[in-house]
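**Student:** Next up, structure_21.cif (mmCIF, C-alpha atoms).
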```
data_protein
#
loop_
_atom_site.label_atom_id
_atom_site.label_comp_id
_atom_site.auth_asym_id
_atom_site.auth_seq_id
_atom_site.Cartn_x
_atom_site.Cartn_y
_atom_site.Cartn_z
CA MET Y 1 165.71 109.82 124.73
CA ALA Y 2 166.95 106.25 124.55
CA GLY Y 3 167.07 104.58 121.16
CA VAL Y 4 166.83 107.74 119.04
CA ASN Y 5 170.08 108.97 117.56
CA VAL Y 6 170.09 112.60 116.45
CA GLU Y 7 172.63 113.24 113.72
CA VAL Y 8 174.12 116.71 113.45
CA THR Y 9 175.49 117.65 110.03
CA PRO Y 10 177.24 120.97 109.40
CA LEU Y 11 176.16 122.48 106.07
CA PRO Y 12 179.05 124.75 105.05
CA GLY Y 13 177.85 128.20 104.09
CA ILE Y 14 174.25 127.29 104.99
CA GLY Y 15 173.91 126.24 108.63
CA VAL Y 16 173.29 122.99 110.51
CA ARG Y 17 171.04 120.01 109.87
CA LYS Y 18 169.80 117.91 112.81
CA ASP Y 19 167.73 114.84 112.05
CA PHE Y 20 166.83 111.33 113.17
CA ALA Y 21 165.39 108.15 111.67
CA THR Y 22 161.85 107.17 112.60
CA ARG Y 23 160.60 103.61 112.99
CA ALA Y 24 158.45 104.21 109.91
CA GLY Y 25 161.55 104.50 107.71
CA ARG Y 26 161.73 108.27 107.31
CA ARG Y 27 164.13 110.90 108.57
CA ILE Y 28 162.73 113.98 110.27
CA GLY Y 29 164.95 116.97 110.76
CA VAL Y 30 165.45 120.65 111.11
CA VAL Y 31 167.81 122.82 109.10
CA THR Y 32 168.79 125.96 110.97
CA GLN Y 33 170.34 128.37 108.52
CA ARG Y 34 173.00 130.91 109.39
CA ASP Y 35 170.56 133.75 108.67
CA GLY Y 36 168.14 132.33 111.27
CA LYS Y 37 165.72 130.67 108.86
CA ILE Y 38 164.34 127.33 110.02
CA GLU Y 39 163.18 124.48 107.81
CA LEU Y 40 161.42 121.27 108.86
CA ILE Y 41 162.42 118.43 106.51
CA VAL Y 42 161.42 114.84 105.83
CA SER Y 43 163.68 112.53 103.84
CA LYS Y 44 164.27 108.88 103.15
CA SER Y 45 165.87 106.91 105.97
CA ASP Y 46 168.53 105.42 103.70
CA ASP Y 47 169.21 108.68 101.79
CA PRO Y 48 169.13 111.82 103.97
CA ASP Y 49 169.83 113.96 100.89
CA ALA Y 50 166.62 112.80 99.18
CA CYS Y 51 164.28 115.36 100.68
CA LEU Y 52 160.63 114.27 100.39
CA ALA Y 53 159.12 117.37 102.02
CA SER Y 54 160.35 120.72 103.23
CA LEU Y 55 158.44 123.27 105.27
CA PRO Y 56 159.89 126.69 106.11
CA LEU Y 57 158.97 127.88 109.62
CA SER Y 58 159.25 131.28 111.26
CA ALA Y 59 160.90 131.34 114.68
CA GLU Y 60 157.45 131.78 116.23
CA GLU Y 61 156.02 128.82 114.27
CA ALA Y 62 158.99 126.65 115.28
CA GLY Y 63 158.40 127.61 118.92
CA VAL Y 64 154.72 126.72 118.72
CA LEU Y 65 155.56 123.37 117.10
CA ALA Y 66 158.14 122.69 119.83
CA ASN Y 67 155.50 123.44 122.49
CA LEU Y 68 152.99 121.15 120.79
CA LEU Y 69 155.53 118.32 120.71
CA GLY Y 70 157.28 118.96 124.05
CA ALA Y 71 154.46 119.72 126.46
CA PRO Y 72 152.68 116.36 126.05
CA GLN Y 73 155.97 114.55 126.77
CA LEU Y 74 156.43 116.55 129.97
CA VAL Y 75 152.82 115.93 131.02
CA ARG Y 76 153.19 112.19 130.30
CA GLN Y 77 156.36 112.05 132.43
CA LEU Y 78 154.68 113.87 135.33
CA ASN Y 79 151.59 111.64 135.07
CA GLU Y 80 153.84 108.59 135.30
CA GLU Y 81 155.53 110.03 138.38
CA HIS Y 82 152.14 110.76 140.01
CA ARG Y 83 150.65 107.36 139.10
CA GLU Y 84 150.92 106.17 142.71
CA LEU Y 85 149.16 109.29 144.04
CA PRO Y 86 145.38 108.89 143.57
CA GLY Y 87 143.55 112.11 142.77
CA ILE Y 88 146.62 113.95 141.48
CA ASN Y 89 146.53 114.83 137.78
CA THR Y 90 148.71 116.78 135.37
CA LYS Y 91 147.37 118.89 132.53
CA GLN Y 92 148.65 121.45 130.05
CA LEU Y 93 146.73 124.72 129.90
CA PRO Y 94 147.34 127.47 127.32
CA ILE Y 95 147.64 131.20 127.70
CA ALA Y 96 145.47 132.25 124.75
CA GLU Y 97 145.79 135.60 122.95
CA ASN Y 98 142.58 136.79 124.59
CA SER Y 99 143.49 135.49 128.06
CA PRO Y 100 143.24 138.11 130.80
CA PHE Y 101 146.69 136.89 131.94
CA ASP Y 102 148.53 137.51 128.63
CA GLY Y 103 151.19 140.01 129.73
CA ARG Y 104 150.58 139.46 133.45
CA THR Y 105 152.46 137.49 136.09
CA LEU Y 106 151.87 134.10 137.65
CA GLY Y 107 151.28 135.89 140.96
CA ASP Y 108 148.42 137.87 139.37
CA THR Y 109 146.50 134.61 138.84
CA ALA Y 110 146.54 133.71 142.57
CA MET Y 111 146.23 130.20 141.13
CA ARG Y 112 147.35 128.17 144.14
CA THR Y 113 145.16 130.17 146.54
CA ARG Y 114 142.10 130.02 144.26
CA THR Y 115 142.36 126.40 143.05
CA SER Y 116 145.02 124.56 145.13
CA VAL Y 117 146.82 123.59 141.89
CA SER Y 118 150.49 124.17 141.18
CA ILE Y 119 151.97 125.49 137.95
CA VAL Y 120 155.11 123.35 137.78
CA ALA Y 121 156.46 124.49 134.40
CA VAL Y 122 155.83 126.80 131.46
CA MET Y 123 156.61 125.76 127.88
CA ARG Y 124 157.53 128.77 125.72
CA ALA Y 125 158.97 128.60 122.22
CA GLY Y 126 160.13 125.04 122.81
CA GLN Y 127 161.90 125.87 126.07
CA VAL Y 128 160.84 124.53 129.45
CA HIS Y 129 160.79 127.03 132.32
CA PRO Y 130 160.52 124.82 135.43
CA SER Y 131 159.12 126.04 138.75
CA PRO Y 132 158.11 129.54 137.63
CA THR Y 133 158.18 132.17 140.37
CA PRO Y 134 155.28 134.56 141.14
CA ASP Y 135 156.94 137.28 139.01
CA PHE Y 136 157.08 135.02 135.91
CA LEU Y 137 155.42 137.00 133.09
CA PHE Y 138 152.98 135.03 130.91
CA THR Y 139 152.60 135.65 127.20
CA SER Y 140 150.12 134.27 124.69
CA GLY Y 141 151.25 130.92 123.34
CA ASP Y 142 152.65 129.76 126.69
CA LEU Y 143 151.59 126.25 127.74
CA LEU Y 144 151.38 125.85 131.50
CA VAL Y 145 151.98 122.44 133.04
CA VAL Y 146 149.64 122.28 136.01
CA VAL Y 147 149.33 119.64 138.76
CA GLY Y 148 146.32 119.18 141.04
CA THR Y 149 142.93 117.57 141.48
CA SER Y 150 140.52 117.27 138.55
CA GLU Y 151 138.32 119.95 140.09
CA GLY Y 152 141.30 122.26 140.63
CA LEU Y 153 142.48 121.79 137.05
CA GLU Y 154 139.01 122.65 135.71
CA ALA Y 155 138.93 125.79 137.87
CA ALA Y 156 142.44 126.76 136.70
CA ALA Y 157 141.40 126.46 133.04
CA LYS Y 158 138.42 128.74 133.67
CA ILE Y 159 140.58 131.30 135.49
CA LEU Y 160 143.13 131.41 132.65
CA LYS Y 161 140.33 131.87 130.13
CA HIS Y 162 138.01 134.27 131.96
CA GLY Y 163 139.99 135.72 134.87
#
```
Would you mind writing the file out in structure tokens?
**Tutor:**
Amino acid sequence: MAGVNVEVTPLPGIGVRKDFATRAGRRIGVVTQRDGKIELIVSKSDDPDACLASLPLSAEEAGVLANLLGAPQLVRQLNEEHRELPGINTKQLPIAENSPFDGRTLGDTAMRTRTSVSIVAVMRAGQVHPSPTPDFLFTSGDLLVVVGTSEGLEAAAKILKHG
């Protein structure tokens, strides 16, 4: 990402701090401790040691936050790339806990056959899984990045929710 400098600071005996300065004059960062604990921190831009807020996160919570922050960026990038193609849209669709496809494969959805949309990526725990294959196993919390017509995207959302 141009213009944003992430600073990495080893914290001897503790772990690693990664943070960056925002335009609003704050620093936002993550401390990953050696024991696996994760902490989201906010500090002053001119004094990274002056922590204004600290929020401990479980690995699952950190993954959900990463999905919430990362998926919209990916969708925005794909929308920009499809700008010249009228009728093609990109949307993020969740696999909810009660989805009939939680624990099932992409192939089980028959998504392309049923809706003509393509699942181009899956965001899971902050990681992007591009071009998932039919044997890709969905789990609740996944965010699917789907490309197709408005009608196809609506149908895909219904399928993921109701089967």
**Student:** Running the PyMOL selection byres ((chain Y and resi 59-61) around 8) on this model by hand, what would come out? Give it as a ChimeraX atom specification.
**Tutor:** /Y:37-38,57-58,62-65,125
**Student:** The selected residues should be written to file as a tab-separated table (two decimals), in the frame of the given file (atoms: C-alpha atoms).
**Tutor:**
```
chain	number	residue	atom	x	y	z
Y	37	LYS	CA	165.72	130.67	108.86
Y	38	ILE	CA	164.34	127.33	110.02
Y	57	LEU	CA	158.97	127.88	109.62
Y	58	SER	CA	159.25	131.28	111.26
Y	62	ALA	CA	158.99	126.65	115.28
Y	63	GLY	CA	158.40	127.61	118.92
Y	64	VAL	CA	154.72	126.72	118.72
Y	65	LEU	CA	155.56	123.37	117.10
Y	125	ALA	CA	158.97	128.60	122.22
```
**Student:** Could you spell out the hits of the PyMOL selection byres ((chain Y and resi 129-139) around 7) on the shown file, as a PyMOL selection string?
**Tutor:** chain Y and resi 95+101-107+120-123+127-128+140-142
**Student:** Could you save the residues just selected, with C-alpha atoms, as a short mmCIF file (atom, residue, chain, number, x, y, z; two decimals), in the frame of the given file?
**Tutor:**
```cif
data_model
loop_
_atom_site.label_atom_id
_atom_site.label_comp_id
_atom_site.auth_asym_id
_atom_site.auth_seq_id
_atom_site.Cartn_x
_atom_site.Cartn_y
_atom_site.Cartn_z
CA ILE Y 95 147.64 131.20 127.70
CA PHE Y 101 146.69 136.89 131.94
CA ASP Y 102 148.53 137.51 128.63
CA GLY Y 103 151.19 140.01 129.73
CA ARG Y 104 150.58 139.46 133.45
CA THR Y 105 152.46 137.49 136.09
CA LEU Y 106 151.87 134.10 137.65
CA GLY Y 107 151.28 135.89 140.96
CA VAL Y 120 155.11 123.35 137.78
CA ALA Y 121 156.46 124.49 134.40
CA VAL Y 122 155.83 126.80 131.46
CA MET Y 123 156.61 125.76 127.88
CA GLN Y 127 161.90 125.87 126.07
CA VAL Y 128 160.84 124.53 129.45
CA SER Y 140 150.12 134.27 124.69
CA GLY Y 141 151.25 130.92 123.34
CA ASP Y 142 152.65 129.76 126.69
#
```
**Student:** Could you tell me which residues the PyMOL selection byres ((chain Y and resi 17-32) around 12) grabs in this file, written as a PyMOL selection string?
**Tutor:** chain Y and resi 1+3-16+33-59+62+65-66
**Student:** Just give me the gap between CA of Gly126 in chain Y and CA of Lys91 in chain Y in Å, one decimal is fine.
**Tutor:**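 Here the two named atoms are 17.2 Å from each other.
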**Student:** One number please: CA of Glu154 in chain Y to CA of Arg124 in chain Y, in Å, one decimal.
**Tutor:**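 Computing the Euclidean distance for CA of Glu154 in chain Y and CA of Arg124 in chain Y yields 21.9 Å.
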